[in-house]
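What follows is a set of notes on a single structure, which appears directly below.
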Amino acid sequence: MSTESFPELEFERARLTRARACRDSMIDRLGTVDPSSAADEITSEYIEMTVWEALDSLRSPGAGDFFGRIDEPSPTTGESEEWYIGRRHIEDERGDPVVVDWRAPISAPFYRATAIDPLGVTFRRRFTLSEGEMTAYLDEHLDDPDADGSVAAGIPDPVLAEIGAERSGAMREIVATIQGEQDIVIRADIDQALIVQGGPGTGKTAVALHRAAFLLFEHRARLARDGVLVVGPNQAFLDYISNVLPSLGEKAVRQCTALDLCIPKVEVTGIDEPEAARWKGSAERLAEIEERALAAIQPPDDDVVVPLGARKFTFEASLIAEWIETAKDGIVPINQRRERLRVLAQQELRRRCNGDDRWREAGPLKTALNKCWPTQKPVKLVDQYLDGPRGKKRAWTPADQFLVDEANTLLNGTPFTYAHVVVDEAQDQSAVALRVIGRRSPAGSLTLVGDVAQSTTPAGQERWADVFAHLGSGRSGAGVDGTIADLTIGYRVPEPILTVANRLLPLTGVDATPSRSVRVDGEAPSWRHTSPDELPSAVAATVRDVKHRHRLTGLVAPVELHDSIGAALAEVGLVAVDHVHELGHDDVPIFTAEAVKGLEFDGVVVAEPHTILDATPATRGARLLYVAMTRAVQELAFVTSGDKPAVIDVG
């Protein structure tokens, strides 16, 4: 780039060189810290771990760089102050900031300031770096909205250039391109259940992960102690996002599926039919499981006689029934409420024995109480609740596993909890699964992101208002406190593709606001017609052509076509795979429309869109095709042996 177009380029390059040098100095200073000089072993271990984490963060890629700058008047002198925004906090030898962490409060105006509401910022500069070298910048004079700026004509906006950059098969952090509506969500209050509704390409997944990183920065002690959990829809998705939080300096975060959370484990070997999955996942099952557990606790049929020496004490069945009702009406896990029953019985025995503790001799009463209130096991409770073959003959399904976890929590308590929980593709979780997830955050501190127009599982959610109730716990039915935020601006899917995909929204059966894309350039979806016999080879040829233009090309097809399409891909030198992580040069990820959710590819080929659209119920078919179409970042191609679905036929 010509320095004539960027007169301050050399000045800013010098600033970048200094920032990197300061980072190196920080590393050198930390390297001289001797943890063994601490007063005790615990302090020594703490210092050692703290230093190790700081060094690991400073040595990460881009740690000494900055991607933005804001100028604002000093609150004390009124003179202009410059703040450089980057991925990590960098300071000089005196401890003065050279680069401020993007999560620090001083950085918020970089993302939110506009000419209408500059938030005290007079000037903003966005930098473009290529292979570590600063090549350009874009200036915005927020105190003079009519200013032309200093970027030469034809130089792309760094934000749009980054948004439209080629994908690699792994999600990237977006700290340099976070937009105002996204930043508001990222920095929202921690003490709530926050639901983020966003259409395809609005960045909701990236926002959720960056929110986790922000909260870890803002509430380090609290979250480091109690942990952060990220729940994704499947392993392919978790692989796809696995590098985001580590790249932001946050590695102590558990990432798993909702099914991975469940305890105790059953061997899942079956799959429910849609109607069975809906029934098992509905909120009514939560109440029924608890009712079944409590119904197993029954008073004795007869009075209980306890001989103690020459005396006999009779404990009436009605009295024991009163104890049981008192003990049942508790909030601790059901198996633990047995202790309250024992305490009530022991107190009454002591009263009758004039204050003497004769509990050890009260064998008949102990036996009766154990029979009245047996210790229940969650797997057995659910096994006896469900229809079908029982015991070893039962083929457990994912929906059954969620019921087992719910039963375990009711009986024994939640085994692992976290300070904050992030849930992606939350609309696909059943009411039971949401309860399983919600119990993992006793404080109700959660971030759930999704799109009800992409709800495709049998027991998924179509109204966010219902989710707050499902996240709660207890027989009262009380949910959690929370708010719903909307992301309305699309950054990933080009407008010509999004416009066609949005035509499916009226068929999805949910009230979803169409997203609008900032990427106005691009081509509408292309079509290729063929015969059913030639479909696999036509798909393979189309994938080969699209992959020639876009290295990361994904394929969406009905599952019954995967084998034949895989064989056809092999004939043209390509390899069908079922993942997006660490792809080889000739690998082509192939997914069903259900499994591709949350992923993105530069090029997407959709086979037999009419078959996807014809799924039952009709609303589900529209949602599945909507998902498939909106995975494309650059190019979308259809291959079909049938007619174009009229709803997406644009001529």
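Lettering and numbering for the structure tokens are positional, with chains as A, B, ... in the shown order, residues counted from 1 in each chain, and ligands counted from 1 in the shown order.
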Exercise for the section: Would you mind listing what lies within 8 Å of A:Leu259 as JSON, numbers by chain, with only C-alpha atoms counted and same-chain residues fewer than 2 positions away left out? Expected result: {"A": [257, 261, 262, 398, 401, 402]}
Please provide as a compact mmCIF listing (two decimals) with all heavy atoms, in the first residue's frame all residues within 7 Å of stretch 172-185 of chain A, with the sequence filter that same-chain residues fewer than 3 positions apart are discarded (counting only C-alpha atoms).
```
# COMPACT_ATOMS: atom_id res chain seq x y z
N PHE A 67 -5.72 -3.74 16.88
CA PHE A 67 -6.52 -3.67 15.66
C PHE A 67 -7.32 -2.39 15.57
O PHE A 67 -7.99 -2.15 14.57
CB PHE A 67 -7.47 -4.87 15.56
CG PHE A 67 -8.27 -5.11 16.81
CD1 PHE A 67 -9.38 -4.35 17.12
CD2 PHE A 67 -7.89 -6.12 17.69
CE1 PHE A 67 -10.10 -4.57 18.27
CE2 PHE A 67 -8.62 -6.35 18.86
CZ PHE A 67 -9.72 -5.57 19.15
N TYR A 111 -16.36 -0.14 19.89
CA TYR A 111 -17.36 -0.95 19.21
C TYR A 111 -18.71 -0.25 19.07
O TYR A 111 -19.45 -0.53 18.13
CB TYR A 111 -17.57 -2.26 20.00
CG TYR A 111 -16.33 -3.11 20.09
CD1 TYR A 111 -15.67 -3.29 21.30
CD2 TYR A 111 -15.82 -3.76 18.98
CE1 TYR A 111 -14.54 -4.08 21.40
CE2 TYR A 111 -14.68 -4.55 19.05
CZ TYR A 111 -14.04 -4.71 20.27
OH TYR A 111 -12.91 -5.49 20.36
N ARG A 112 -19.02 0.65 19.98
CA ARG A 112 -20.38 1.19 20.03
C ARG A 112 -20.53 2.61 19.50
O ARG A 112 -21.63 3.04 19.18
CB ARG A 112 -20.89 1.16 21.47
CG ARG A 112 -20.94 -0.23 22.08
CD ARG A 112 -21.68 -0.19 23.40
NE ARG A 112 -21.53 -1.41 24.16
CZ ARG A 112 -22.08 -1.64 25.33
NH1 ARG A 112 -22.81 -0.69 25.91
NH2 ARG A 112 -21.90 -2.78 25.96
N VAL A 159 -13.51 -4.14 8.30
CA VAL A 159 -14.54 -5.00 8.89
C VAL A 159 -15.15 -5.90 7.82
O VAL A 159 -15.23 -7.12 7.98
CB VAL A 159 -15.63 -4.16 9.57
CG1 VAL A 159 -16.77 -5.05 10.05
CG2 VAL A 159 -15.05 -3.36 10.72
N ALA A 188 -23.43 -7.60 28.52
CA ALA A 188 -24.64 -7.58 29.34
C ALA A 188 -24.38 -8.14 30.73
O ALA A 188 -23.43 -8.91 30.95
CB ALA A 188 -25.76 -8.36 28.65
N ALA A 206 -20.51 -16.54 17.75
CA ALA A 206 -19.31 -15.78 18.11
C ALA A 206 -19.60 -14.84 19.28
O ALA A 206 -18.77 -14.70 20.19
CB ALA A 206 -18.82 -14.98 16.90
N VAL A 207 -20.76 -14.23 19.28
CA VAL A 207 -21.13 -13.34 20.38
C VAL A 207 -21.18 -14.11 21.69
O VAL A 207 -20.69 -13.64 22.73
CB VAL A 207 -22.48 -12.66 20.09
CG1 VAL A 207 -23.06 -12.03 21.34
CG2 VAL A 207 -22.32 -11.60 19.00
N VAL A 244 -11.82 -20.90 19.52
CA VAL A 244 -12.19 -19.49 19.75
C VAL A 244 -11.77 -19.03 21.13
O VAL A 244 -11.04 -18.04 21.29
CB VAL A 244 -13.70 -19.27 19.53
CG1 VAL A 244 -14.07 -17.83 19.88
CG2 VAL A 244 -14.06 -19.56 18.07
N LEU A 487 -30.45 -10.00 17.59
CA LEU A 487 -29.43 -9.61 16.62
C LEU A 487 -30.10 -9.62 15.25
O LEU A 487 -30.62 -10.66 14.83
CB LEU A 487 -28.25 -10.58 16.65
CG LEU A 487 -27.47 -10.65 17.97
CD1 LEU A 487 -26.37 -11.70 17.87
CD2 LEU A 487 -26.88 -9.30 18.33
```
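In terms of minimum interatomic distance to A:Leu574, A:His548 ranks closest within A:Ala595, A:Leu446, A:Ile324, A:His548, counting only C-alpha atoms.
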Practice task
Please indicate the distance in Å from atom CA of A:Trp373 to atom CA of A:Ile297, rounded to one decimal place.
Solution key: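 Distance between the two atoms: 4.8 Å.
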Practice task
Give me the residues within 7 Å of A:Val421 as a PyMOL selection string, counting only C-alpha atoms and dropping any in the same chain fewer than 4 places off.
Solution key: chain A and resi 228-230+441+445-447
Exercise for the section: Would you please extract all strand (DSSP E) residues from stretch 45-126 of chain A, as assigned by DSSP on the backbone, and give them as a PyMOL selection string? Expected result: chain A and resi 68-73+80-86+90-91+97-101+123-126
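Picture a line from atom CA of A:Lys644 to atom CA of A:Val520; it runs 24.5 Å.
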Exercise for the section: May I ask which of the residues A:Leu625, A:Ile484, A:Ala426, A:Ala459 is the closest one to A:Asp272, counting only C-alpha atoms? Expected result: A:Ala459
Practice task
Write out as JSON, numbers by chain which residues come within 12 Å of stretch 331-338 of chain A when counting only C-alpha atoms, dropping same-chain ones fewer than 5 positions away.
Solution key: {"A": [289, 290, 291, 292, 293, 294, 295, 296, 297, 323, 324, 325, 326, 343, 344, 345, 366, 369, 370, 371, 372, 373, 374, 375, 376, 377, 378, 406, 407, 408, 409, 410, 411, 412, 413, 414, 415, 473, 474, 475, 476]}
Practice task
Apply DSSP to the backbone of this structure and, from stretch 93-249 of chain A, keep only the residues in alpha helix (DSSP H); write these as a ChimeraX atom specification.
Solution key: /A:108-112,158-163,180-186,204-218,220-226,235-241,244-247
Handout entry: Atomic distance atom CA of A:Glu93 - atom CA of A:Gly62, expressed in Å with one decimal
Key = 20.1 Å
Handout entry: Close residues, A:Phe315 itself excluded, 12 Å, only C-alpha atoms, min 2 positions apart in chain, as a list of chain:residue names
Key =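 Listing them by chain and then by number gives A:Pro299, A:Pro300, A:Asp301, A:Asp302, A:Asp303, A:Val304, A:Val305, A:Val306, A:Pro307, A:Lys312, A:Phe313, A:Ala317, A:Ser318, A:Leu319, A:Ile320, A:Ala321, A:Glu322, A:Trp323, A:Ala345, A:Gln346, A:Glu348, A:Leu349, A:Arg352, A:Ala362, A:Pro364, A:Leu365, A:Lys366, A:Ala368, A:Leu369.
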